[in-house]
Structure formats: C-alpha cells, structure tokens
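Visitor: Below you'll find the structure I mean.
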Amino acid sequence: MHFRSFRFSLRIILPLALVLALFAFAVVPLVENLTLRWSIRDLDARSQLLASTLQEPLIDYVPQNAATKINRLFDRAIQDERLYALAFCNPDNVLKYKTATYPESIGCGSARVASELYQTTMKLPQGSLHITESPLISDAGQIGKLILVHDMGFIARRDADTRKYVLALFALMAVVISLITMVVAHLSWRRWIDAVKGLLRGGLAQRSNLPQVVAVSPAGSSQTPPEIRPLEVDLRALMYEYNIDRRNRDDAAHLWTPDKLRQLLREELAGDEVLVVSNREPYMHVHTRNGVEVRRPASGLVTAVEPVMRACSGTWIAHGSGSADRESVDRNDRVPVPPANPSYTLRRVWLTKEEEEGYYYGFANEGLWPLCHIAHVRPVFRSADWEMYEAVNQRFADAVIREARTDDPVVLVQDYHFALLPRMVRDVLPKATIITFWHIPWPNPESFGICPWREEILEGLLGSTILGFHTQFHCKNFLETVDRYLETRIEHETSTVSYGGKLTQVENYPISIAWPEDSVHSDVAESRHSVRTELGLPPDRLLGVGVDRLDYTKGIIERFQAVERMLEQYPDMVGRFTMVQIAAPTRTSLDEYQNLENRVRTLVQKINKRFSTGSYEPIILKTEHHDTDQVNRYYRAADVCLVTSLHDGMNLVAKEFIAARDDERGVLVLSQFTGAARELHEALIVNPYHIEQSADAIYRALTMPEVEQRERMRSMRLLVKDFNIYRWAGRMLLDASRLRRRERITTKIRSHSRKSLRRVV
C-alpha cells in the first residue's frame with residue numbers, strides 16, 4: 001500500500017520537478033548575464049581607481065625615462081590577482097613600457113577602442129581578458145596612456161558558483177515541495193485506502209449472500225467517506241463474488257454438473273451469449289442406404305466441448321463436412337442439435353475442396369500439427385496453404401460476428417485451426433470476451449521458430465482475453481515463444497501478456513470428460529462376454545484395448561512393438577492375451593497418414609504371423625469408426641488400456657477408460673508424454689520409445705492383483721469425477737466473467753479515485 005502511495009506521489013512530484021528544472025535552466029542564463037554585466041562594471045571601476053593611483057608617479061617617471069622605476073611600479077601593481085598586465089604608450093602610440101605578461105597582440109590599441117569607453121573583451125590564448133585605457137595628463141599636456149589588462153577568469157569562476165548555488169536552491173525547493181506533496185498525498189491516499197479497507201472488512205464480515213453484504217453499510221451512510229460512497233456497492237460486490245467464485249472453484253468435494261454449470265453461467269454471465277468455434281462439428285448428417293443419418297465424429301475436442309454447449313445453450317460454429325449437411329440446415333445454415341433433444345444451435349460454414357485442402361489438410365495438419373507435436377514428422381509450410389488458412393479464419397470470424405447478437409459475446413475458440421481468428425474478431429468486437437483453447441501441445445521457442453508466419457500466429461492468439469493450454473509446461477513454452485518473437489510486456493507472476501494495449505491471460509486448464517451417469521453403462525460382465533463373443537475369443541482371454549485416431553502422434557507402432565516384445569519375454573502370454581486396436585481413419589488424403597496406415601498394417605501382419613497359433617492372433621486391428629457406446633463396451637471389457645502417445649496435449653482416452661470402469665478394475669498404461677500423465681499418477685507411466693519398459697508395464701498390468709487394481713482405479717476415478725469437463729469449462733468461463741467484471745469495476749474505481757485525490761491534493 002505504501003508503494004502505491006509512493007507511486008501516486010511520484011505522478012505529482014515528477015511533473016513538478018520537471019517544471020522546476022526547466023525554470024531553473026531558464027533562469028541560470030539570465031543570472032549569468034547579469035553577473036557578467038556587474039563584473040565588467042566592477043572591473044571598469046577598479047581600472048579607473050588603479051589608473052588614478054598610478055598616474056602621479058608615472059607623471060614623474062616618464063619624462064625622466066626612469067624605466068627601472070616604472071617596471072618596478074608595474075610589477076608591484078600586477079600582484080593583484082585580477083590585474084593581468086600593464087603597459088604605457090606615448091602620444092605616438094609607441095609601446096614604451098610593459099610588464100612581462102603583457103600580450104604583444106594588444107599593442108597600444110586604437111582610437112576606436114578608446115572611443116568605445118576604452119574597453120573591450122578579447123579571447124587570447126591566456127584566456128578572457130578585459131582591456132581598459134586611461135590617459136595620463138600632466139601640466140604640459142597628455143604624456144601618453146596607461147593600458148590595464150584584467151584577467152576575467154574570476155568571472156567564469158563566479159558564474160560557475162552562481163550556477164551551482166541557483167541550481168542547488170531550486171533543487172532544495174523541489175525537495176521541500178516534493179516532501180510536502182508526498183506527505184499530503186500519502187495522508188490523503190492512506191485515508192482513502194483505510195476507508196476502502198474498512199468498507200471491505202464490513203462486507204466480508206457478513207458475506208453469506210449479496211444483499212446482506214451490500215446492506216452492511218448503505219451507500220451514503222455517515223460512516224463512509226464521501227469519496228467512497230459511489231463505489232461502496234461495487235467494492236462489496238466485487239469482494240463477495242471473488243470469494244464465492246474461489247470457494248466454488250476450489251471445493252473439490254463438490255461435483256460439477258451440467259446443472260451447476262448452467263446455474264453459475266446464469267449468475268456470472270447474466271445471460272450473455274456463448275459462441276463456440278471449431279473446425280470439427282459435433283454432429284454431421286450423412287447419406288446412407290437407410291437415408292440420412294446423424295453421426296458424431298470421432299474427436300476428442302467434440303467429446304470435451306459438446307457437453308459444455310448442452311449446458312450453455314449457445315451457438316456452435318463449425319465446418320459442415322457431412323454429405324447431407326446442406327440438406328439439413330435452414331436458410332441461415334443453422335440446425336438445432338442434438339437431434340433427439342435439441343439444446344443448442346449448430347451453425348455450419350461451408351468450404352470448397354480447395355479451401356479444405358489448403359487450410360485444413362495443408363497448413364493446419366501438415367504444418368502446425370507436426371510442428372507442435374514434435375513427433376519426428378517434418379512440418380511442411382506452403383505460402384498457398386497459409387493464404388487459404390488466413391482466408392478461412394476470416395470466414396469463420398465473419399460468421400462469429402454475424403451470429404453475435406450483442407457487442408460483447410463470450411467466444412470459445414477451439415484449437416490450432418483458428419490461430420488468427422481471435423485477433424480478427426477482436427478488431428470488430430473489441431468488447432468481446434474471447435477464450436481460446438489450444439488443444440494440442442505448444443512447442444519450445446526454437447521449434448516454433450520454424451514456422452515462417454510465427455509472428456502472425458502469435459499476434460492472432462494474443463487477440464484472446466484468455467488463452468488456455470492443458471498444462472503449465474505448455475503455458476511456459478508459449479510465454480517464452482512470445483518473449484522471443486514479439487515486443488510485448490510479460491508478467492510471469494500473473495501469467496499475462498500485454499500486446500497492442502490489450503492483456504491476454506495465459507492459463508492452464510486441464511481438459512477432461514463428462515462424468516457418465518450410472519445408468520449409461522451396461523453391466524461389466526455383460527460387456528466382457530459380448531465383446532469377446534464378437535471377437536471370437538474365449539471368456540478367459542486377457543484383453544488389451546487401444547482407442548485412437550490413426551495418427552503418427554499416438555504411438556500405435558510403438559505400442560504394437562511393445563506387445564511383440566512382451567510376448568517374446570513372457571511366452572506364457574502367447575494364446576492368453578489379445579490386443580484390440582480401434583484406429584479411426586483420419587486425414588487419409590495426406591501421404592504421412594497413408595504411409596502410417598501401411599506401416600501399421602504391415603506390422604500387425606508380421607506380429608500375428610509370428611505368434612498366431614490356430615485361430616489365435618495377438619493383435620486385432622479395427623480401422624473403422626466406432627460410436628461412444630461401442631467404445632465404452634471395449635473399455636469395460638478390457639483388462640488393460642494402452643495409451644502410448646508420443647506427444648499429446650491431454651489424451652481423453654485415458655480418462656474415458658477410467659470413467660467407464662465403475663467396477664474399479666482394469667489397469668491404465670499411460671505415456672509420460674501426455675498431459676494426462678501429470679494428473680493420473682496411479683497409472684503405469686511409461687516412455688513409449690522404451691519398448692522393453694512398455695512391454696514390462698503391459699505384463700505387470702495383466703498380472704496385477706485385483707486389490708492393487710482397485711486402489712489405483714478408485715483414486716483415478718475420484719480425480720476424473722471431480723475434475724470433469726464442467727469444471728474445465730466452468731473455470732474458463734468464470735475466469736472470463738471475473739475479468740470482465742473486474743475490468744468494469746476497476747475502471748470505475750480508478751476514475752473516481754483520480755477525481756477524489758485531485759480534489760484532496
């Protein structure tokens with residue numbers, strides 16, 4: 001508080017000191033000029049006095065040509081520290097006598113010099129000299145003239161002293177005035193702050209609900225200083241809401257639900273509209289033999305965000321990629337979803353094949369995806385892809401602006417497909433609260449520096465009010481990247497970036513899933529039996545499961561190599577263990593993904609050929625889409641779930657597996673390079689590149705005692721249940737709400753405090 005008072009005092013003192021300094025530097029030349037004039041007049045007076053003193057003996061000595069006496073007289077005279085030299089000239093201007101210090105260049109002067117008050121100031125090698133002439137007149141007439149040369153060095157010394165004393169005087173005045181100002185400002189600020197503290201203490205004493213808090217000391221009461229009264233209600237409300245919000249967010253024992261999220265959004269956002277922007281749509285309409293069907297795409301993003309939209313009842317803006325999508329929308333390209341029980345609106349944006357190739361498959365997935373995942377696949381950047389990426393980002397930004405019914409909507413921008421969109425929306429809707437969540441990892445500055453358009457991407461993301469990542473490590477990487485490539489002000493303690501006059505809060509929000517209701521899952525025993533029957537496996541077969549998109553970042557090849565190594569090291573598992581890999585095809589038009597699929601199929605054939613006996617095959621590869629219910633059946637039927645991503649932002653498969661295991665059985669083998677590994681410590685954490693380590697973890701999982709399985713699974717289930725998708729969304733939205741409210745109240749407080757303190761000071 002003292003620092004703030006001091007800082008406020010500086011705002012007054014510095015301009016005052018600047019004015020005094022300018023005034024001092026303006027006064028000093030005037031003082032120096034006056035001092036010079038006074039000194040010259042003093043020298044003239046001294047010259048006349050000295051000439052009068054020397055006149056009488058010179059009148060006697062000159063006619064006698066008494067050179068010795070005259071020189072002795074002159075030598076005694078110049079012992080005065082200010083008198084530099086003496087000389088005597090006859091009426092014919094012939095230099096007759098002079099001291100040794102007399103400059104030859106002066107000579108006997110001229111009539112013009114004598115007519116100009118017999119004085120001049122000359123710059124000689126010796127320094128500044130002042131010269132005067134005094135005629136010597138006897139009874140017989142003028143016998144010559146006496147020339148006196150004074151050293152003006154003492155004037156320069158006097159000027160320096162004068163300048164020093166004048167500046168010291170003004171400095172002393174500045175210090176005295178500053179001290180008085182600081183004391184007055186400090187006392188005023190202290191009084192104002194004490195009043196605010198007293199007000200807030202009164203509010204915190206009774207904060208069970210907002211009406212009581214405000215009623216503790218009604219605005220305008222005699223106990224409240226006049227300058228505080230207009231802010232009383234706002235200050236109390238701000239403190240109350242801060243404490244209630246913190247209590248709600250930090251109370252891990254209270255389960256976050258869709259109803260709780262809706263309630264908090266109604267309270268905190270006061271009915272503000274919520275818009276979500278993503279490339280992948282939550283529902284797609286496709287033509288089938290049985291007509292148009294509605295499907296949910298296989299996407300971790302959709303799995304995470306769709307429950308939030310059900311709770312928020314907002315608008316989801318996404319690319320319409322289904323074969324029957326155009327036939328299913330109204331004239332404004334909107335369709336209510338979910339089909340069975342609509343709770344929000346899906347607004348579709350249409351892209352041409354060329355736009356999709358350049359923006360999605362090109363820049364986003366051949367450039368940014370491998371760049372951020374650092375998964376040993378070289379990023380590819382093309383100018384044409386970048387131009388398409390910019391154009392599509394602008395199209396989606398235009399869709400957000402058109403869908404917004406107010407000038408300050410809450411916009412949730414999802415993932416790396418729309419790095420430029422936040423800035424585009426901010427330019428048109430400056431009051432909007434833009435929350436951007438980056439679902440994939442953020443690399444280190446050196447890796448990100450590969451991107452030719454790194455500055456543009458960073459500038460786009462810094463259009464966000466809040467920028468979220470899965471882990472603090474990714475936040476740190478982002479801040480270091482911004483520090484490397486942009487001129488910004490970064491506050492590491494508060495994790496904020498100031499750029500272009502706007503603040504962006506950079507926070508970690510570990511994403512999660514919607515905790516399933518008890519009635520969602522089928523019986524575990526039934527799932528185990530039905531899945532093994534479908535796969536043609538005996539009831540006692542140990543089953544491992546992997547659920548991923550067929551992507552090179554998921555470590556599928558490394559997973560199969562670990563299975564192969566496990567069967568080599570533990571031959572008793574041959575015939576007893578089967579690995580089922582559900583690998584949904586993705587981005588099949590890209591060469592890297594085509595090559596990956598070929599490598600996966602070849603490796604599966606090799607391993608199966610090596611270990612198969614009769615009908616037994618150790619690996620079953622299912623490269624097809626499975627809906628949520630089908631995947632959950634596999635989770636509940638499995639003895640072990642393998643998540644061996646080479647690099648992943650979070651990986652929700654791990655959390656889905658845990659949520660599905662209400663029997664508290666099953667073991668999770670989890671890559672250390674996933675965000676989930678920073679939360680799920682009871683999983684068997686492995687380095688997927690270390691094949692032997694992964695193989696040992698698989699065997700340990702298959703042979704783990706039931707008691708240990710239950711202990712591990714129970715702990716992880718409690719964590720995933722408490723920190724679910726609604727907490728993830730709620731934290732972001734409540735942070736955004738708090739920032740909006742704090743900005744409004746802080747602006748009002750600052751404005752009023754300035755006015756109050758100006759009146760006091």
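Ordering of the structure tokens sets the chain letters (A, B, ...), residue numbers begin anew at 1 in every chain, and ligands are numbered from 1 in the order given.
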So which bits of range 123-188 of chain A end up strand (DSSP E or B) when you DSSP the backbone, as a ChimeraX atom specification?
Guide: /A:123-124,127-138,141-151
Visitor: Using C-alpha atoms, can you write the selected residues to a file as a JSON list (two decimals), in the first residue's frame?
Guide:
```
[["chain", "number", "residue", "atom", "x", "y", "z"],
["A", 123, "LYS", "CA", 39.77, 35.99, -26.39],
["A", 124, "LEU", "CA", 43.51, 35.32, -26.17],
["A", 127, "GLY", "CA", 42.03, 33.27, -21.58],
["A", 128, "SER", "CA", 39.41, 36.03, -21.48],
["A", 129, "LEU", "CA", 40.95, 39.46, -20.89],
["A", 130, "HIS", "CA", 39.31, 42.82, -20.21],
["A", 131, "ILE", "CA", 41.25, 45.85, -21.52],
["A", 132, "THR", "CA", 40.86, 49.49, -20.47],
["A", 133, "GLU", "CA", 42.81, 52.59, -21.40],
["A", 134, "SER", "CA", 43.41, 55.62, -19.17],
["A", 135, "PRO", "CA", 45.12, 58.80, -20.48],
["A", 136, "LEU", "CA", 48.00, 60.30, -18.46],
["A", 137, "ILE", "CA", 47.80, 64.10, -18.43],
["A", 138, "SER", "CA", 50.41, 66.39, -16.85],
["A", 141, "GLY", "CA", 49.55, 68.15, -21.63],
["A", 142, "GLN", "CA", 48.91, 64.44, -22.37],
["A", 143, "ILE", "CA", 52.09, 62.42, -21.99],
["A", 144, "GLY", "CA", 50.63, 59.06, -23.04],
["A", 145, "LYS", "CA", 48.14, 56.47, -21.90],
["A", 146, "LEU", "CA", 48.09, 53.62, -19.42],
["A", 147, "ILE", "CA", 46.70, 50.30, -20.64],
["A", 148, "LEU", "CA", 45.35, 47.91, -18.00],
["A", 149, "VAL", "CA", 44.64, 44.29, -18.80],
["A", 150, "HIS", "CA", 42.46, 42.34, -16.34],
["A", 151, "ASP", "CA", 42.09, 38.56, -16.20]]
```
Visitor: Which residues are near Ser737 in chain A? Cut-off 10 Å, only C-alpha atoms, ignore same chain within fewer than 6 positions. Put them as a PyMOL selection string.
Guide: chain A and resi 265+267-270+272+410+433+731+743
Visitor: Determine, counting only C-alpha atoms, which protein, DNA and RNA residues have an atom within 12 Å of an atom of Thr602 in chain A; residues of the same chain fewer than 5 positions away are not included. Present the result as a list in words.
Guide: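 So, after excluding close chain neighbours, the residues are Ile557, Phe560, Asn595, Leu596, Glu597, Ile607, Asn608, Lys609, Ile619 and Leu621 of chain A.
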Visitor: So which residues touch range 694-700 of chain A within 8 Å, counting only C-alpha atoms, skipping near sequence neighbours fewer than 6 positions away, as a VMD selection string?
Guide: chain A and resid 559 562 to 566 570 640 669 684 686 to 688
Visitor: Closest to Asn598 in chain A among A:Phe673, A:Tyr552, A:Phe437, A:Phe478, using only C-alpha atoms?
Guide: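 That would be A:Tyr552, the residue with the smallest distance to Asn598 in chain A.
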Visitor: One decimal, Å: what's the distance from CA of Arg395 in chain A over to CA of Val349 in chain A, could you say?
Guide: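 Atom-to-atom, CA of Arg395 in chain A to CA of Val349 in chain A, that is 8.2 Å.
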Visitor: Can you list, as an MDAnalysis selection string, every residue of range 419-588 of chain A that DSSP puts in helix (DSSP H, G or I)?
Guide: chainID A and resid 421:428 445:448 454:461 472:485 524:535 552:554 556:569 571:573
Visitor: Determine, for each residue of range 585-669 of chain A having at least one atom at most 12 Å from an atom of range 352-358 of chain A, the closest pair of atoms and their separation in Å to one decimal, counting only C-alpha atoms; order by chain and ascending number, as a tab-separated table.
Guide:
```
residue	atom	partner	partner_atom	distance
A:Arg587	CA	A:Glu357	CA	10.3
A:Thr588	CA	A:Glu357	CA	11.9
A:Ser589	CA	A:Glu357	CA	9.1
A:Leu590	CA	A:Glu357	CA	9.7
```
Visitor: Restricting it to N, CA and C atoms, dump the selection as a PDB file, in the first residue's frame.
Guide:
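Written output follows (result-v9.pdb):
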```pdb
ATOM      1  N   ARG A 587      -7.559 -38.004 -41.932  1.00  0.00           N
ATOM      2  CA  ARG A 587      -6.665 -37.291 -42.852  1.00  0.00           C
ATOM      3  C   ARG A 587      -6.028 -38.247 -43.863  1.00  0.00           C
ATOM      4  N   THR A 588      -6.854 -39.108 -44.406  1.00  0.00           N
ATOM      5  CA  THR A 588      -6.348 -40.169 -45.289  1.00  0.00           C
ATOM      6  C   THR A 588      -5.800 -39.643 -46.600  1.00  0.00           C
ATOM      7  N   SER A 589      -6.057 -38.374 -46.915  1.00  0.00           N
ATOM      8  CA  SER A 589      -5.531 -37.823 -48.165  1.00  0.00           C
ATOM      9  C   SER A 589      -4.065 -37.404 -48.047  1.00  0.00           C
ATOM     10  N   LEU A 590      -3.543 -37.355 -46.826  1.00  0.00           N
ATOM     11  CA  LEU A 590      -2.160 -36.931 -46.618  1.00  0.00           C
ATOM     12  C   LEU A 590      -1.217 -38.128 -46.695  1.00  0.00           C
TER      13      LEU A 590
END
```
Visitor: So, counting only C-alpha atoms, which residue among A:Phe170, A:Trp442, A:Trp316, A:Tyr634 is closest to Ser343 in chain A?
Guide: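 For Ser343 in chain A, the nearest of the given residues is A:Trp316.
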Visitor: Enter the distance from CA of Arg296 in chain A to CA of Tyr283 in chain A, in Å, rounded to one decimal.
Guide: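 Separation between CA of Arg296 in chain A and CA of Tyr283 in chain A: 4.8 Å.
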Visitor: Need to verify the contact set: Cys451 in chain A, 10 Å, only C-alpha atoms, exclusion of same-chain residues closer than 6 positions in sequence. Can you return it as a list in words?
Guide: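 Counting only the stated atoms, we get Gly367, Leu368, Leu371, Pro379, Val380, Phe381 and Ile457 of chain A.
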Visitor: Produce a file of the selected residues containing N, CA and C atoms, as a PDB file, in the first residue's frame.
Guide:
```
ATOM      1  N   GLY A 367       1.424 -28.603 -41.356  1.00  0.00           N
ATOM      2  CA  GLY A 367       2.318 -27.606 -40.785  1.00  0.00           C
ATOM      3  C   GLY A 367       2.268 -27.559 -39.275  1.00  0.00           C
ATOM      4  N   LEU A 368       1.150 -27.026 -38.736  1.00  0.00           N
ATOM      5  CA  LEU A 368       1.066 -26.802 -37.292  1.00  0.00           C
ATOM      6  C   LEU A 368       1.028 -28.089 -36.481  1.00  0.00           C
ATOM      7  N   LEU A 371       4.450 -29.630 -36.206  1.00  0.00           N
ATOM      8  CA  LEU A 371       5.310 -28.637 -35.557  1.00  0.00           C
ATOM      9  C   LEU A 371       5.103 -28.645 -34.046  1.00  0.00           C
ATOM     10  N   PRO A 379       7.460 -30.768 -40.496  1.00  0.00           N
ATOM     11  CA  PRO A 379       6.371 -29.869 -40.888  1.00  0.00           C
ATOM     12  C   PRO A 379       6.576 -29.365 -42.309  1.00  0.00           C
ATOM     13  N   VAL A 380       5.480 -29.157 -43.003  1.00  0.00           N
ATOM     14  CA  VAL A 380       5.517 -28.639 -44.370  1.00  0.00           C
ATOM     15  C   VAL A 380       4.743 -27.327 -44.393  1.00  0.00           C
ATOM     16  N   PHE A 381       5.388 -26.260 -44.864  1.00  0.00           N
ATOM     17  CA  PHE A 381       4.743 -24.958 -44.932  1.00  0.00           C
ATOM     18  C   PHE A 381       4.790 -24.457 -46.378  1.00  0.00           C
ATOM     19  N   ILE A 457       0.833 -15.696 -36.228  1.00  0.00           N
ATOM     20  CA  ILE A 457       0.084 -16.643 -35.389  1.00  0.00           C
ATOM     21  C   ILE A 457       0.053 -16.152 -33.946  1.00  0.00           C
TER      22      ILE A 457
END
```
Visitor: Restricting the calculation to only C-alpha atoms, which member of A:Glu456, A:Glu679, A:Glu446, A:Glu273 is positioned closest to Pro510 in chain A?
Guide: A:Glu679
Visitor: Which residue, A:His285, A:Arg72, A:Arg665, A:Arg310, has the smallest gap to Leu58 in chain A when you use only C-alpha atoms?
Guide: A:Arg72
Visitor: I need the residue nearest Gly546 in chain A from this list: A:Glu487, A:Asp408, A:Asp639, A:Glu327. Use only C-alpha atoms for the distance.
Guide: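 Ranked by minimum distance to Gly546 in chain A, first place goes to A:Asp639.
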Visitor: With only C-alpha atoms as the atoms that count, which of A:Val667, A:Glu455, A:Glu558, A:Pro91 lies nearest to Val707 in chain A?
Guide: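 Distance minimum relative to Val707 in chain A lands on A:Val667.
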